[in-house]
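Chemist: This is the structure I want to talk about, given as structure tokens.
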Amino acid sequence: MIRILKERNENVAIISLVILFTLFAVLIGEMWFNNIPNMLRDTSWLGILAIGQAMIIINGEFDLSVGTLYTFCAIVTATMVKEYALSPYLAMLVGIIVGIIAGLIHGNIVNRFTIPSFIVTLGAMLLWKGGTLLYHGAKSLRYKYESETYKTVLTGDIGVVDASFLWFIGVGIVFYFIVHHHKIGNHFFAVGGNPEAAIAIGINPKRVKLIAFAIAGGCAALSGVVAMSRVGSVQPGGGLGLELEAIAACVIGGCALMGGRGSIIGIMLGTALIYTIQDLLLLLRAPGFYFEMFVGGLIVLAVIINVTIRKRI
């Protein structure tokens, strides 16, 4: 059993999901099943963000700025439509480009000055938070667009499945092949697992980390735009704390905090597990702080299990 868990990092998340689904299906019944579409919709935003964060963690780094960057890029996208009359598709592209550029800036600072990414992105988190208030102010911004096609693509429903969830699945599929079936994915694992060995076989760690930071910024922007399109508005402080939830999803999904280990499927399952817990606690009318307690405990438990498995083999 230990060997099976060792070979597939996501098994911890799978087992936890099965237990939770079974337990609360019995406790709540029909109300739980009726709420699954809402849970799938909400999972998509954090899921896209977590996939970008995973690229950083696999490289042995962290990005604490993705939450505030999520908000900043969404507001940039909304103002492009509202004030400059850009099409929502073009505005969405502008927002994603802003996120990628921000990620490149973070990565360049980490590489050039060899400053820990934790410190760089902590400063960037405050920078983008202040930049959001400077750019737009503290008021919420409504996001209106006239394109029915855009509405269908970003916020439409296909049966009980929301379009935003399909975006999450699409991003997951793309990065599954990038991380697990492309040489850049091998480079991510090599740099995160043993940078010296990666250099010895001709891999440039600085270039690889720069790519990872750019991906994280782009995913943060895409996540913000998808969420804003669905809700129809964006709050200047709406992304605060999402960076920690994204890290939690990665850890629960099997990523090693020291780098060199992780899987896209595990991260997607870790995200689903977090929102399953949140959704079920809401249905049970538990106080809001229960969610933080459960997620915090789950993070520690997931790390303990993963470390134990690696030591036993």
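Numbering starts fresh at 1 for the residues of each chain in the structure tokens, the chains themselves are lettered A, B, ... in the order given, and ligands are numbered from 1 as they appear.
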I'd like the neighbourhood of Tyr145 of chain A as a PyMOL selection string, where a residue qualifies if any of its atoms comes within 12 Å (using only C-alpha atoms), though same-chain residues fewer than 5 positions away should be ignored.
Modeler: chain A and resi 77-83+85-89+91-92+150-152+154-155+228-230+232-233
Chemist: Mind checking which residues fall within 12 Å of Ser263 of chain A, counting only C-alpha atoms, ignoring those fewer than 3 positions away in the same chain, and posting them as JSON, numbers by chain?
Modeler: {"A": [7, 8, 9, 10, 11, 13, 50, 51, 54, 55, 57, 58, 172, 173, 175, 176, 177, 178, 179, 180, 181, 185, 186, 188, 189, 249, 250, 251, 252, 253, 254, 255, 256, 259, 260, 266, 267, 268, 269, 270]}
Chemist: If you run DSSP over the backbone, which residues in segment 59-212 of chain A end up helix (DSSP H, G or I)? Put them as a short mmCIF file (atom, residue, chain, number, x, y, z; two decimals) with N, CA and C atoms, in the first residue's frame.
Modeler:
data_model
loop_
_atom_site.label_atom_id
_atom_site.label_comp_id
_atom_site.auth_asym_id
_atom_site.auth_seq_id
_atom_site.Cartn_x
_atom_site.Cartn_y
_atom_site.Cartn_z
N VAL A 66 0.35 35.78 -6.22
CA VAL A 66 -0.66 35.40 -7.21
C VAL A 66 -2.07 35.84 -6.81
N GLY A 67 -2.34 35.93 -5.51
CA GLY A 67 -3.67 36.37 -5.08
C GLY A 67 -3.97 37.80 -5.46
N THR A 68 -3.05 38.71 -5.15
CA THR A 68 -3.26 40.12 -5.49
C THR A 68 -3.10 40.35 -6.99
N LEU A 69 -2.26 39.55 -7.65
CA LEU A 69 -2.12 39.66 -9.10
C LEU A 69 -3.39 39.21 -9.79
N TYR A 70 -4.04 38.21 -9.23
CA TYR A 70 -5.35 37.73 -9.70
C TYR A 70 -6.34 38.90 -9.77
N THR A 71 -6.37 39.71 -8.72
CA THR A 71 -7.29 40.84 -8.68
C THR A 71 -6.86 41.95 -9.61
N PHE A 72 -5.57 42.28 -9.60
CA PHE A 72 -5.06 43.39 -10.42
C PHE A 72 -5.33 43.14 -11.90
N CYS A 73 -5.02 41.94 -12.38
CA CYS A 73 -5.22 41.63 -13.79
C CYS A 73 -6.70 41.62 -14.18
N ALA A 74 -7.56 41.17 -13.25
CA ALA A 74 -8.99 41.20 -13.52
C ALA A 74 -9.49 42.65 -13.67
N ILE A 75 -9.01 43.53 -12.81
CA ILE A 75 -9.42 44.93 -12.88
C ILE A 75 -8.88 45.59 -14.14
N VAL A 76 -7.65 45.26 -14.52
CA VAL A 76 -7.11 45.78 -15.78
C VAL A 76 -7.98 45.33 -16.94
N THR A 77 -8.38 44.07 -16.95
CA THR A 77 -9.24 43.56 -18.02
C THR A 77 -10.58 44.29 -18.06
N ALA A 78 -11.18 44.50 -16.90
CA ALA A 78 -12.48 45.17 -16.85
C ALA A 78 -12.39 46.62 -17.32
N THR A 79 -11.34 47.31 -16.94
CA THR A 79 -11.21 48.71 -17.36
C THR A 79 -10.91 48.82 -18.86
N MET A 80 -10.23 47.81 -19.42
CA MET A 80 -9.99 47.83 -20.87
C MET A 80 -11.31 47.78 -21.63
N VAL A 81 -12.27 47.02 -21.09
CA VAL A 81 -13.59 46.93 -21.73
C VAL A 81 -14.41 48.17 -21.46
N LYS A 82 -14.43 48.61 -20.21
CA LYS A 82 -15.30 49.70 -19.80
C LYS A 82 -14.83 51.06 -20.27
N PRO A 88 -14.05 42.05 -25.22
CA PRO A 88 -13.69 41.27 -24.01
C PRO A 88 -12.59 40.25 -24.26
N TYR A 89 -12.52 39.72 -25.48
CA TYR A 89 -11.45 38.76 -25.78
C TYR A 89 -10.09 39.45 -25.77
N LEU A 90 -10.01 40.61 -26.41
CA LEU A 90 -8.75 41.35 -26.44
C LEU A 90 -8.37 41.84 -25.05
N ALA A 91 -9.37 42.29 -24.31
CA ALA A 91 -9.11 42.75 -22.94
C ALA A 91 -8.61 41.59 -22.08
N MET A 92 -9.19 40.42 -22.28
CA MET A 92 -8.74 39.23 -21.55
C MET A 92 -7.28 38.93 -21.88
N LEU A 93 -6.92 39.05 -23.13
CA LEU A 93 -5.54 38.82 -23.56
C LEU A 93 -4.60 39.83 -22.90
N VAL A 94 -5.03 41.09 -22.84
CA VAL A 94 -4.22 42.13 -22.19
C VAL A 94 -3.99 41.78 -20.72
N GLY A 95 -5.05 41.36 -20.05
CA GLY A 95 -4.92 40.99 -18.64
C GLY A 95 -3.94 39.84 -18.43
N ILE A 96 -4.01 38.83 -19.29
CA ILE A 96 -3.10 37.69 -19.17
C ILE A 96 -1.66 38.11 -19.45
N ILE A 97 -1.46 38.97 -20.44
CA ILE A 97 -0.12 39.46 -20.74
C ILE A 97 0.45 40.24 -19.56
N VAL A 98 -0.39 41.05 -18.92
CA VAL A 98 0.05 41.78 -17.72
C VAL A 98 0.51 40.79 -16.65
N GLY A 99 -0.25 39.71 -16.46
CA GLY A 99 0.14 38.70 -15.47
C GLY A 99 1.45 38.02 -15.82
N ILE A 100 1.65 37.72 -17.10
CA ILE A 100 2.90 37.08 -17.53
C ILE A 100 4.08 38.02 -17.32
N ILE A 101 3.90 39.29 -17.68
CA ILE A 101 4.98 40.27 -17.49
C ILE A 101 5.33 40.41 -16.01
N ALA A 102 4.31 40.44 -15.17
CA ALA A 102 4.54 40.53 -13.72
C ALA A 102 5.34 39.32 -13.25
N GLY A 103 4.96 38.14 -13.72
CA GLY A 103 5.70 36.93 -13.35
C GLY A 103 7.15 36.98 -13.80
N LEU A 104 7.38 37.49 -15.00
CA LEU A 104 8.75 37.64 -15.52
C LEU A 104 9.56 38.59 -14.65
N ILE A 105 8.93 39.67 -14.21
CA ILE A 105 9.61 40.62 -13.32
C ILE A 105 10.01 39.94 -12.02
N HIS A 106 9.08 39.19 -11.42
CA HIS A 106 9.38 38.49 -10.17
C HIS A 106 10.54 37.51 -10.38
N GLY A 107 10.46 36.73 -11.46
CA GLY A 107 11.50 35.74 -11.73
C GLY A 107 12.86 36.37 -11.97
N ASN A 108 12.88 37.49 -12.69
CA ASN A 108 14.15 38.18 -12.96
C ASN A 108 14.79 38.69 -11.69
N ILE A 109 13.99 39.21 -10.78
CA ILE A 109 14.54 39.71 -9.51
C ILE A 109 15.11 38.56 -8.70
N VAL A 110 14.38 37.45 -8.65
CA VAL A 110 14.88 36.27 -7.92
C VAL A 110 16.19 35.79 -8.52
N ASN A 111 16.26 35.71 -9.84
CA ASN A 111 17.46 35.19 -10.50
C ASN A 111 18.64 36.15 -10.42
N ARG A 112 18.40 37.42 -10.67
CA ARG A 112 19.50 38.39 -10.76
C ARG A 112 20.13 38.65 -9.40
N PHE A 113 19.31 38.76 -8.37
CA PHE A 113 19.82 39.15 -7.05
C PHE A 113 19.87 37.98 -6.07
N SER A 117 12.60 33.60 -3.21
CA SER A 117 11.34 33.96 -3.88
C SER A 117 10.25 34.31 -2.87
N PHE A 118 10.33 33.73 -1.68
CA PHE A 118 9.36 34.04 -0.63
C PHE A 118 9.38 35.54 -0.33
N ILE A 119 10.58 36.12 -0.22
CA ILE A 119 10.72 37.54 0.10
C ILE A 119 10.29 38.41 -1.09
N VAL A 120 10.75 38.04 -2.27
CA VAL A 120 10.43 38.83 -3.48
C VAL A 120 8.93 38.89 -3.70
N THR A 121 8.27 37.75 -3.63
CA THR A 121 6.83 37.73 -3.93
C THR A 121 5.99 38.25 -2.77
N LEU A 122 6.54 38.20 -1.55
CA LEU A 122 5.85 38.85 -0.43
C LEU A 122 5.79 40.35 -0.67
N GLY A 123 6.92 40.93 -1.11
CA GLY A 123 6.93 42.34 -1.47
C GLY A 123 6.03 42.62 -2.66
N ALA A 124 6.04 41.71 -3.65
CA ALA A 124 5.19 41.89 -4.83
C ALA A 124 3.72 41.81 -4.46
N MET A 125 3.38 40.97 -3.49
CA MET A 125 1.99 40.87 -3.04
C MET A 125 1.49 42.23 -2.55
N LEU A 126 2.30 42.89 -1.74
CA LEU A 126 1.92 44.22 -1.24
C LEU A 126 1.94 45.25 -2.36
N LEU A 127 2.90 45.09 -3.28
CA LEU A 127 2.99 46.02 -4.41
C LEU A 127 1.74 45.97 -5.28
N TRP A 128 1.30 44.76 -5.64
CA TRP A 128 0.13 44.64 -6.50
C TRP A 128 -1.15 44.99 -5.76
N LYS A 129 -1.17 44.77 -4.45
CA LYS A 129 -2.31 45.19 -3.66
C LYS A 129 -2.44 46.72 -3.68
N GLY A 130 -1.33 47.40 -3.44
CA GLY A 130 -1.34 48.86 -3.51
C GLY A 130 -1.57 49.36 -4.92
N GLY A 131 -1.00 48.64 -5.92
CA GLY A 131 -1.20 49.04 -7.31
C GLY A 131 -2.65 48.95 -7.73
N THR A 132 -3.37 47.97 -7.21
CA THR A 132 -4.79 47.84 -7.51
C THR A 132 -5.57 49.04 -6.98
N LEU A 133 -5.26 49.44 -5.75
CA LEU A 133 -5.94 50.60 -5.16
C LEU A 133 -5.56 51.88 -5.88
N LEU A 134 -4.31 51.99 -6.30
CA LEU A 134 -3.86 53.19 -7.03
C LEU A 134 -4.52 53.25 -8.41
N TYR A 135 -4.63 52.11 -9.06
CA TYR A 135 -5.16 52.06 -10.43
C TYR A 135 -6.67 52.30 -10.47
N GLU A 148 -22.43 37.99 -26.60
CA GLU A 148 -23.10 36.78 -26.15
C GLU A 148 -22.19 35.56 -26.29
N THR A 149 -21.33 35.58 -27.32
CA THR A 149 -20.39 34.47 -27.50
C THR A 149 -19.43 34.38 -26.33
N TYR A 150 -18.91 35.54 -25.93
CA TYR A 150 -18.00 35.59 -24.78
C TYR A 150 -18.70 35.09 -23.52
N LYS A 151 -19.95 35.50 -23.35
CA LYS A 151 -20.71 35.08 -22.18
C LYS A 151 -20.86 33.56 -22.15
N THR A 152 -21.12 32.96 -23.32
CA THR A 152 -21.27 31.52 -23.40
C THR A 152 -19.95 30.81 -23.10
N VAL A 153 -18.86 31.34 -23.68
CA VAL A 153 -17.55 30.71 -23.54
C VAL A 153 -17.04 30.77 -22.11
N LEU A 154 -17.27 31.90 -21.43
CA LEU A 154 -16.72 32.09 -20.08
C LEU A 154 -17.69 31.71 -18.98
N THR A 155 -18.98 31.92 -19.20
CA THR A 155 -19.93 31.75 -18.09
C THR A 155 -21.11 30.85 -18.43
N ALA A 163 -19.14 26.62 -17.58
CA ALA A 163 -18.04 26.78 -18.53
C ALA A 163 -16.71 27.04 -17.83
N SER A 164 -16.75 27.74 -16.70
CA SER A 164 -15.50 28.02 -15.99
C SER A 164 -14.82 26.74 -15.53
N PHE A 165 -15.61 25.73 -15.19
CA PHE A 165 -15.03 24.45 -14.80
C PHE A 165 -14.35 23.78 -15.98
N LEU A 166 -14.91 23.95 -17.16
CA LEU A 166 -14.28 23.41 -18.37
C LEU A 166 -12.95 24.10 -18.65
N TRP A 167 -12.87 25.40 -18.34
CA TRP A 167 -11.59 26.10 -18.46
C TRP A 167 -10.56 25.47 -17.52
N PHE A 168 -10.98 25.17 -16.32
CA PHE A 168 -10.09 24.52 -15.35
C PHE A 168 -9.61 23.18 -15.88
N ILE A 169 -10.53 22.38 -16.39
CA ILE A 169 -10.16 21.08 -16.95
C ILE A 169 -9.21 21.25 -18.13
N GLY A 170 -9.51 22.25 -19.00
CA GLY A 170 -8.65 22.50 -20.16
C GLY A 170 -7.25 22.89 -19.76
N VAL A 171 -7.13 23.79 -18.78
CA VAL A 171 -5.81 24.20 -18.29
C VAL A 171 -5.09 23.00 -17.69
N GLY A 172 -5.84 22.18 -16.94
CA GLY A 172 -5.24 21.00 -16.34
C GLY A 172 -4.70 20.04 -17.38
N ILE A 173 -5.44 19.82 -18.47
CA ILE A 173 -5.00 18.92 -19.54
C ILE A 173 -3.74 19.45 -20.20
N VAL A 174 -3.74 20.76 -20.52
CA VAL A 174 -2.58 21.37 -21.18
C VAL A 174 -1.33 21.21 -20.32
N PHE A 175 -1.45 21.53 -19.04
CA PHE A 175 -0.27 21.47 -18.18
C PHE A 175 0.09 20.05 -17.78
N TYR A 176 -0.86 19.14 -17.86
CA TYR A 176 -0.52 17.74 -17.63
C TYR A 176 0.48 17.27 -18.68
N PHE A 177 0.22 17.62 -19.93
CA PHE A 177 1.14 17.21 -20.99
C PHE A 177 2.44 18.00 -20.95
N ILE A 178 2.36 19.27 -20.55
CA ILE A 178 3.58 20.07 -20.44
C ILE A 178 4.49 19.53 -19.33
N VAL A 179 3.91 19.26 -18.17
CA VAL A 179 4.70 18.86 -17.01
C VAL A 179 5.15 17.41 -17.09
N HIS A 180 4.29 16.52 -17.57
CA HIS A 180 4.59 15.09 -17.51
C HIS A 180 5.02 14.49 -18.84
N HIS A 181 4.88 15.22 -19.94
CA HIS A 181 5.20 14.64 -21.24
C HIS A 181 6.01 15.59 -22.13
N LYS A 183 9.79 18.11 -22.31
CA LYS A 183 11.10 18.27 -21.67
C LYS A 183 11.13 19.42 -20.65
N ILE A 184 10.32 20.47 -20.86
CA ILE A 184 10.31 21.56 -19.89
C ILE A 184 9.80 21.07 -18.54
N GLY A 185 8.87 20.12 -18.56
CA GLY A 185 8.41 19.54 -17.30
C GLY A 185 9.52 18.77 -16.61
N ASN A 186 10.30 18.02 -17.39
CA ASN A 186 11.45 17.33 -16.82
C ASN A 186 12.45 18.31 -16.21
N HIS A 187 12.60 19.46 -16.86
CA HIS A 187 13.50 20.49 -16.36
C HIS A 187 12.99 21.05 -15.03
N PHE A 188 11.66 21.24 -14.93
CA PHE A 188 11.07 21.72 -13.68
C PHE A 188 11.44 20.79 -12.52
N PHE A 189 11.22 19.49 -12.73
CA PHE A 189 11.49 18.51 -11.68
C PHE A 189 12.99 18.43 -11.36
N ALA A 190 13.81 18.53 -12.40
CA ALA A 190 15.26 18.45 -12.20
C ALA A 190 15.77 19.63 -11.38
N VAL A 191 15.31 20.84 -11.73
CA VAL A 191 15.75 22.04 -11.02
C VAL A 191 15.26 22.02 -9.58
N GLY A 192 14.02 21.62 -9.37
CA GLY A 192 13.48 21.57 -8.02
C GLY A 192 14.08 20.47 -7.18
N GLY A 193 14.44 19.34 -7.80
CA GLY A 193 14.97 18.20 -7.06
C GLY A 193 16.44 18.34 -6.72
N PRO A 195 19.31 21.19 -8.14
CA PRO A 195 19.79 22.21 -9.09
C PRO A 195 21.20 21.95 -9.61
N GLU A 196 22.09 21.46 -8.75
CA GLU A 196 23.46 21.21 -9.18
C GLU A 196 23.52 20.12 -10.25
N ALA A 197 22.74 19.05 -10.03
CA ALA A 197 22.69 17.98 -11.03
C ALA A 197 22.06 18.47 -12.32
N ALA A 198 21.06 19.36 -12.21
CA ALA A 198 20.42 19.91 -13.41
C ALA A 198 21.42 20.71 -14.23
N ILE A 199 22.25 21.50 -13.56
CA ILE A 199 23.28 22.28 -14.27
C ILE A 199 24.27 21.34 -14.94
N ALA A 200 24.62 20.25 -14.27
CA ALA A 200 25.60 19.30 -14.79
C ALA A 200 25.15 18.65 -16.09
N PRO A 205 18.94 26.60 -14.75
CA PRO A 205 17.91 26.78 -13.73
C PRO A 205 17.25 28.15 -13.76
N LYS A 206 18.02 29.19 -14.08
CA LYS A 206 17.45 30.53 -14.10
C LYS A 206 16.39 30.66 -15.19
N ARG A 207 16.67 30.10 -16.35
CA ARG A 207 15.70 30.16 -17.45
C ARG A 207 14.45 29.37 -17.11
N VAL A 208 14.65 28.19 -16.51
CA VAL A 208 13.52 27.33 -16.15
C VAL A 208 12.63 28.02 -15.11
N LYS A 209 13.24 28.63 -14.10
CA LYS A 209 12.47 29.32 -13.07
C LYS A 209 11.75 30.53 -13.64
N LEU A 210 12.39 31.20 -14.59
CA LEU A 210 11.74 32.35 -15.23
C LEU A 210 10.47 31.92 -15.95
N ILE A 211 10.53 30.80 -16.65
CA ILE A 211 9.36 30.26 -17.34
C ILE A 211 8.26 29.93 -16.32
N ALA A 212 8.65 29.34 -15.19
CA ALA A 212 7.68 28.96 -14.16
C ALA A 212 6.99 30.19 -13.58
#
Chemist: Between atom CA of Gly237 of chain A and atom CA of Leu141 of chain A, what is the distance, to one decimal in Å?
Modeler: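 Atom CA of Leu141 of chain A lies at a distance of 11.4 Å from atom CA of Gly237 of chain A.
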Chemist: Just list as JSON, numbers by chain whatever in segment 1-220 of chain A DSSP marks as strand (DSSP E or B).
Modeler: {"A": [141, 142, 157, 158, 161, 162]}
Chemist: Residues near Tyr275 of chain A, anyone? I mean within 8 Å using only C-alpha atoms, not counting same-chain ones fewer than 6 positions away, as a ChimeraX atom specification.
Modeler: /A:39,42-43
Chemist: With distances taken over only C-alpha atoms, which of A:Ile277, A:Ile115, A:Leu257, A:Val160 is nearest to Val303 of chain A?
Modeler: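 Of all the options, A:Leu257 lies closest to Val303 of chain A.
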